[in-house]
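Participant: One structure, pasted below without further comment.
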Amino acid sequence: MTRTTRILDDPEEAAAVIRSGGLVAFPTETVYGLGADALNPDAVAAVFAAKGRPGDNPLIVHVAEVSGVSLVCDAIPASASALLAAFSPGPLTVVVPRSDRVSPAVSAGLDTVGVRIPGHPVAQALLRAAGCPVAAPSANRSGRPSATTWEAVLADLDGRVDAVLKGERPQVGIESTVVDCTGVVPAVLRAGSVTLEQLRRVVPETLARGEQTAASPGTRHPHYAPRARVRMVQSPSPRDTAAYIGWTRPAAGYKLEAPVSGLEEYAHALYDFFRQCDRAGVAEIDCEWPSSSGIGRALQDRLRRAAAASVA
Ligand code: TXA
Ligand code: MG
């Protein structure tokens, strides 16, 4: 179905679109989300259609404050409450038991639901004005890098969503940390800028990604991939058909370069650089391999998956 995509600055106007069952892309501190009323099954189905998202990959529901979590979950696990109290609003998603009020389609039929309280002021304004929980995956076509600018959202979703709400560029640049809180101990399903070390300061038993058996459904699908082939490198080797992102300054000779001064800046720049490389028709992207400290663990995860998808 074709939609006319409006570019909006006013969260109230965007909230009216959500309340009437429409699709609105909006900025968060991680990446742009593609939002719909989580309690409206038709709107939720339209999110999957707009993204071309496989029906077995659940959506995250966004609420404005901790008290809103009870709209989507009747029995909030103690670990989820503790983690939300420590890291919300912020780049953390907790997976909790799903209330019957939330359509199973949101969670791809699972009896759990992912919930996040974004801190970005425009996301906060939108959620407060909408007054309903907002289901939102990242605002990109399925399999593409997440969008970190409104222009990137439009490049993927123009004519597929009703509005793009503009706002200050996402600070973090990669998706939230996802933690499953439905088991005996919490388990990281997707690394993000809230690190394992930070989570363990609140709930010491928290398991690292891979230490548990139930993987996040989203991890089965190819993700985060530019059209160019992604290579993880220890040092630059300039060629005029390739691009480079990293902190070691290469000798001249790459077609495109994104110099970064640290891991945070690397995460902030990565997806936009992937998209820039595709526009420039670069064949390969050399990505300097980051250390696993801080957000580095999440960066390693995204680079590994982008590299795997681009050779598949
Ligand atoms: O930062 C973010 O999390 C962004 C912004 C918009 O909030 N959203 C985002 O959504 O990245 P998405 O749909 O691209 O990724 C959601 C991830 C997927 O890997 C999905 O499988 C997992 O979270 N997930 C969501 N609900 C889940 C559930 N009930 N159980 C297990 N994993 C879940
Ligand atoms: Mg995504």
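Ordering of the structure tokens sets the chain letters (A, B, ...); residue numbers start at 1 within each chain; ligands are numbered from 1 in the order shown.
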Env of region 176-180 of chain A: 8 Å cut, atoms = only C-alpha atoms, seq-sep filter 4 positions within chain, self excluded. Answer as JSON, numbers by chain.

Facilitator: {"A": [30, 91, 92, 93, 94, 95, 96, 114, 186, 187, 188, 189, 190, 191, 192, 193, 194, 195]}

Participant: Out of region 4-250 of chain A, which residues get helix (DSSP H, G or I) from DSSP, as a VMD selection string?

Facilitator: chain A and resid 11 to 19 41 to 51 66 to 71 78 to 87 104 to 107 121 to 130 150 to 157 196 to 202 217 to 220

Participant: Name each residue within 6 Å of ligand 1, counting only C-alpha atoms and all ligand atoms, as a compact mmCIF listing (two decimals) with N, CA, C and O atoms, in the first residue's frame.

Facilitator:
# COMPACT_ATOMS: atom_id res chain seq x y z
N THR A 30 18.87 5.99 20.49
CA THR A 30 19.65 4.93 19.85
C THR A 30 19.61 5.09 18.33
O THR A 30 20.62 5.45 17.72
N VAL A 31 18.45 4.82 17.75
CA VAL A 31 18.23 4.94 16.30
C VAL A 31 16.78 5.41 16.12
O VAL A 31 16.02 5.46 17.09
N TYR A 32 16.39 5.74 14.88
CA TYR A 32 14.98 6.07 14.63
C TYR A 32 14.11 4.82 14.77
O TYR A 32 14.53 3.71 14.39
N GLY A 33 12.90 4.99 15.32
CA GLY A 33 11.93 3.90 15.42
C GLY A 33 10.79 4.13 14.45
O GLY A 33 10.54 5.26 14.01
N ASN A 57 9.58 -12.00 14.05
CA ASN A 57 10.53 -11.15 14.77
C ASN A 57 9.77 -10.08 15.57
O ASN A 57 9.21 -9.16 15.00
N PRO A 58 9.73 -10.22 16.90
CA PRO A 58 8.87 -9.35 17.73
C PRO A 58 9.32 -7.89 17.77
O PRO A 58 10.48 -7.58 17.56
N LEU A 59 8.35 -7.00 18.04
CA LEU A 59 8.61 -5.56 18.13
C LEU A 59 8.81 -5.15 19.58
O LEU A 59 8.30 -5.80 20.50
N ILE A 60 9.53 -4.04 19.78
CA ILE A 60 9.70 -3.45 21.11
C ILE A 60 8.58 -2.44 21.32
O ILE A 60 8.25 -1.66 20.41
N VAL A 95 12.72 -7.58 28.38
CA VAL A 95 11.70 -8.52 27.92
C VAL A 95 11.00 -9.07 29.16
O VAL A 95 11.66 -9.59 30.07
N SER A 107 4.39 -9.29 19.51
CA SER A 107 5.48 -10.14 19.98
C SER A 107 5.68 -11.36 19.11
O SER A 107 6.26 -12.34 19.56
N THR A 112 5.80 -13.09 25.69
CA THR A 112 6.61 -12.03 26.33
C THR A 112 6.51 -10.77 25.48
O THR A 112 6.02 -10.82 24.35
N VAL A 113 6.99 -9.66 26.03
CA VAL A 113 7.03 -8.41 25.26
C VAL A 113 8.27 -7.61 25.67
O VAL A 113 8.62 -7.59 26.86
N GLY A 114 8.92 -6.99 24.70
CA GLY A 114 10.05 -6.11 24.98
C GLY A 114 9.53 -4.70 25.24
O GLY A 114 8.68 -4.22 24.50
N ALA A 136 7.52 -0.15 18.17
CA ALA A 136 8.43 0.44 17.18
C ALA A 136 9.69 -0.39 17.00
O ALA A 136 10.53 -0.46 17.90
N PRO A 137 9.84 -0.99 15.82
CA PRO A 137 11.14 -1.56 15.47
C PRO A 137 12.00 -0.42 14.93
O PRO A 137 11.53 0.72 14.83
N SER A 138 13.25 -0.69 14.59
CA SER A 138 14.09 0.33 13.96
C SER A 138 13.46 0.70 12.60
O SER A 138 12.88 -0.14 11.92
N GLU A 175 21.46 0.19 18.28
CA GLU A 175 20.22 -0.15 18.96
C GLU A 175 20.43 -0.48 20.45
O GLU A 175 21.52 -0.81 20.87
N SER A 176 19.30 -0.45 21.18
CA SER A 176 19.33 -0.63 22.64
C SER A 176 19.84 -2.02 23.05
O SER A 176 19.77 -2.99 22.30
N SER A 216 17.31 -14.33 21.07
CA SER A 216 16.33 -13.36 20.60
C SER A 216 15.97 -13.70 19.16
O SER A 216 16.86 -13.94 18.36
N PRO A 217 14.65 -13.76 18.86
CA PRO A 217 14.26 -14.17 17.51
C PRO A 217 14.94 -13.33 16.43
O PRO A 217 15.31 -13.85 15.38
N GLY A 218 15.15 -12.04 16.73
CA GLY A 218 15.74 -11.15 15.73
C GLY A 218 17.15 -11.55 15.32
O GLY A 218 17.61 -11.22 14.23
N THR A 219 17.83 -12.29 16.19
CA THR A 219 19.22 -12.64 15.88
C THR A 219 19.31 -13.72 14.81
O THR A 219 20.38 -13.99 14.30

Participant: Restrict the calculation to only C-alpha atoms, then for each residue of region 104-212 of chain A with any atom at most 10 Å from an atom of region 3-11 of chain A give the closest atom pair and their distance in Å to one decimal, rows by chain and rising residue number, as CSV.

Facilitator:
residue,atom,partner,partner_atom,distance
A:Pro121,CA,A:Pro11,CA,10.0
A:Val122,CA,A:Pro11,CA,6.7
A:Ala123,CA,A:Pro11,CA,8.1
A:Gln124,CA,A:Pro11,CA,9.0
A:Ala125,CA,A:Pro11,CA,6.0
A:Leu126,CA,A:Pro11,CA,4.8
A:Leu127,CA,A:Pro11,CA,8.6
A:Arg128,CA,A:Pro11,CA,9.2
A:Ala129,CA,A:Pro11,CA,7.2
A:Ala130,CA,A:Pro11,CA,8.8
A:Trp150,CA,A:Ile7,CA,8.8
A:Leu154,CA,A:Thr5,CA,8.4
A:Leu157,CA,A:Thr5,CA,8.5
A:Asp158,CA,A:Thr5,CA,5.9
A:Gly159,CA,A:Arg3,CA,4.7
A:Arg160,CA,A:Arg3,CA,5.4
A:Val161,CA,A:Thr5,CA,5.7
A:Asp162,CA,A:Thr5,CA,4.6
A:Ala163,CA,A:Arg6,CA,4.5
A:Val164,CA,A:Ile7,CA,4.9
A:Leu165,CA,A:Leu8,CA,4.7
A:Lys166,CA,A:Asp9,CA,5.5
A:Gly167,CA,A:Asp9,CA,7.3

Participant: Can you work out which one of A:Arg169, A:Lys51, A:Arg297, A:Arg279 has the shortest atom-to-atom distance to ligand 2, counting only C-alpha atoms and all ligand atoms?

Facilitator: A:Lys51

Participant: Nearest residue to ligand 2 out of A:Ser81, A:Ser103, A:Ser67, A:Thr148, using only C-alpha atoms and all ligand atoms?

Facilitator: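 Of A:Ser81, A:Ser103, A:Ser67, A:Thr148, the one nearest ligand 2, counting only C-alpha atoms and all ligand atoms, is A:Thr148.
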
Participant: Calculate how many Å separate CA of Pro170 (chain A) from CA of Pro27 (chain A), rounding to one decimal.

Facilitator: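 It comes out at 6.4 Å.
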
Participant: Run DSSP on the backbone of this structure and report the residues of region 82-273 of chain A it assigns to strand (DSSP E or B), as a VMD selection string.

Facilitator: chain A and resid 92 to 97 112 to 116 134 to 135 138 163 to 165 177 to 180 187 to 190 207 229 to 233 242 to 246 256 to 259

Participant: Mind checking which residues fall within 6 Å of region 298-311 of chain A, counting only C-alpha atoms, ignoring those fewer than 5 positions away in the same chain, and posting them as an MDAnalysis selection string?

Facilitator: chainID A and resid 191:192 222 224:225 229:230

Participant: Suppose you want the space between CA of Ile117 (chain A) and CA of Val260 (chain A); what is it in Å?

Facilitator: 28.7 Å

Participant: Using only C-alpha atoms, which protein or nucleic acid residues come within 7 Å of Arg19 (chain A)? Drop anything in the same chain fewer than 3 positions from it, and give the result as a list in words.

Facilitator: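 Result of the neighbour search: Ala15, Ala16, Asp37 and Ala130 of chain A.
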
Participant: Which residue out of A:Asp74, A:Asp240, A:Asp42, A:Glu29 has the minimum interatomic distance to Ala280 (chain A) when only C-alpha atoms are used?

Facilitator: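 Comparing A:Asp74, A:Asp240, A:Asp42, A:Glu29 against Ala280 (chain A), the winner is A:Asp240.
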
Participant: For Val282 (chain A), work out the shell of residues within 7 Å, counting only C-alpha atoms and skipping chain neighbours fewer than 3 positions away, then give it as a list in words.

Facilitator: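 Near neighbours after the sequence-gap exclusion: Ala228, Thr241, Ala242, Ala243, Cys277 and Asp278 of chain A.
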
Participant: I'd like the neighbourhood of Gln234 (chain A) as a PyMOL selection string, where a residue qualifies if any of its atoms comes within 12 Å (using only C-alpha atoms), though same-chain residues fewer than 5 positions away should be ignored.

Facilitator: chain A and resi 244-248+250+286-291

Participant: Find the residues near Ala251 (chain A): any atom within 9 Å, counting only C-alpha atoms, skip ones fewer than 3 places away on the same chain, and give them as a list in words.

Facilitator: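 Listed by chain and then number, they are Pro236, Ser237, Pro238 and Tyr254 of chain A.
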
Participant: One decimal, in Å: what's the spacing between CA of Ala25 (chain A) and CA of Ala139 (chain A)?

Facilitator: 6.3 Å
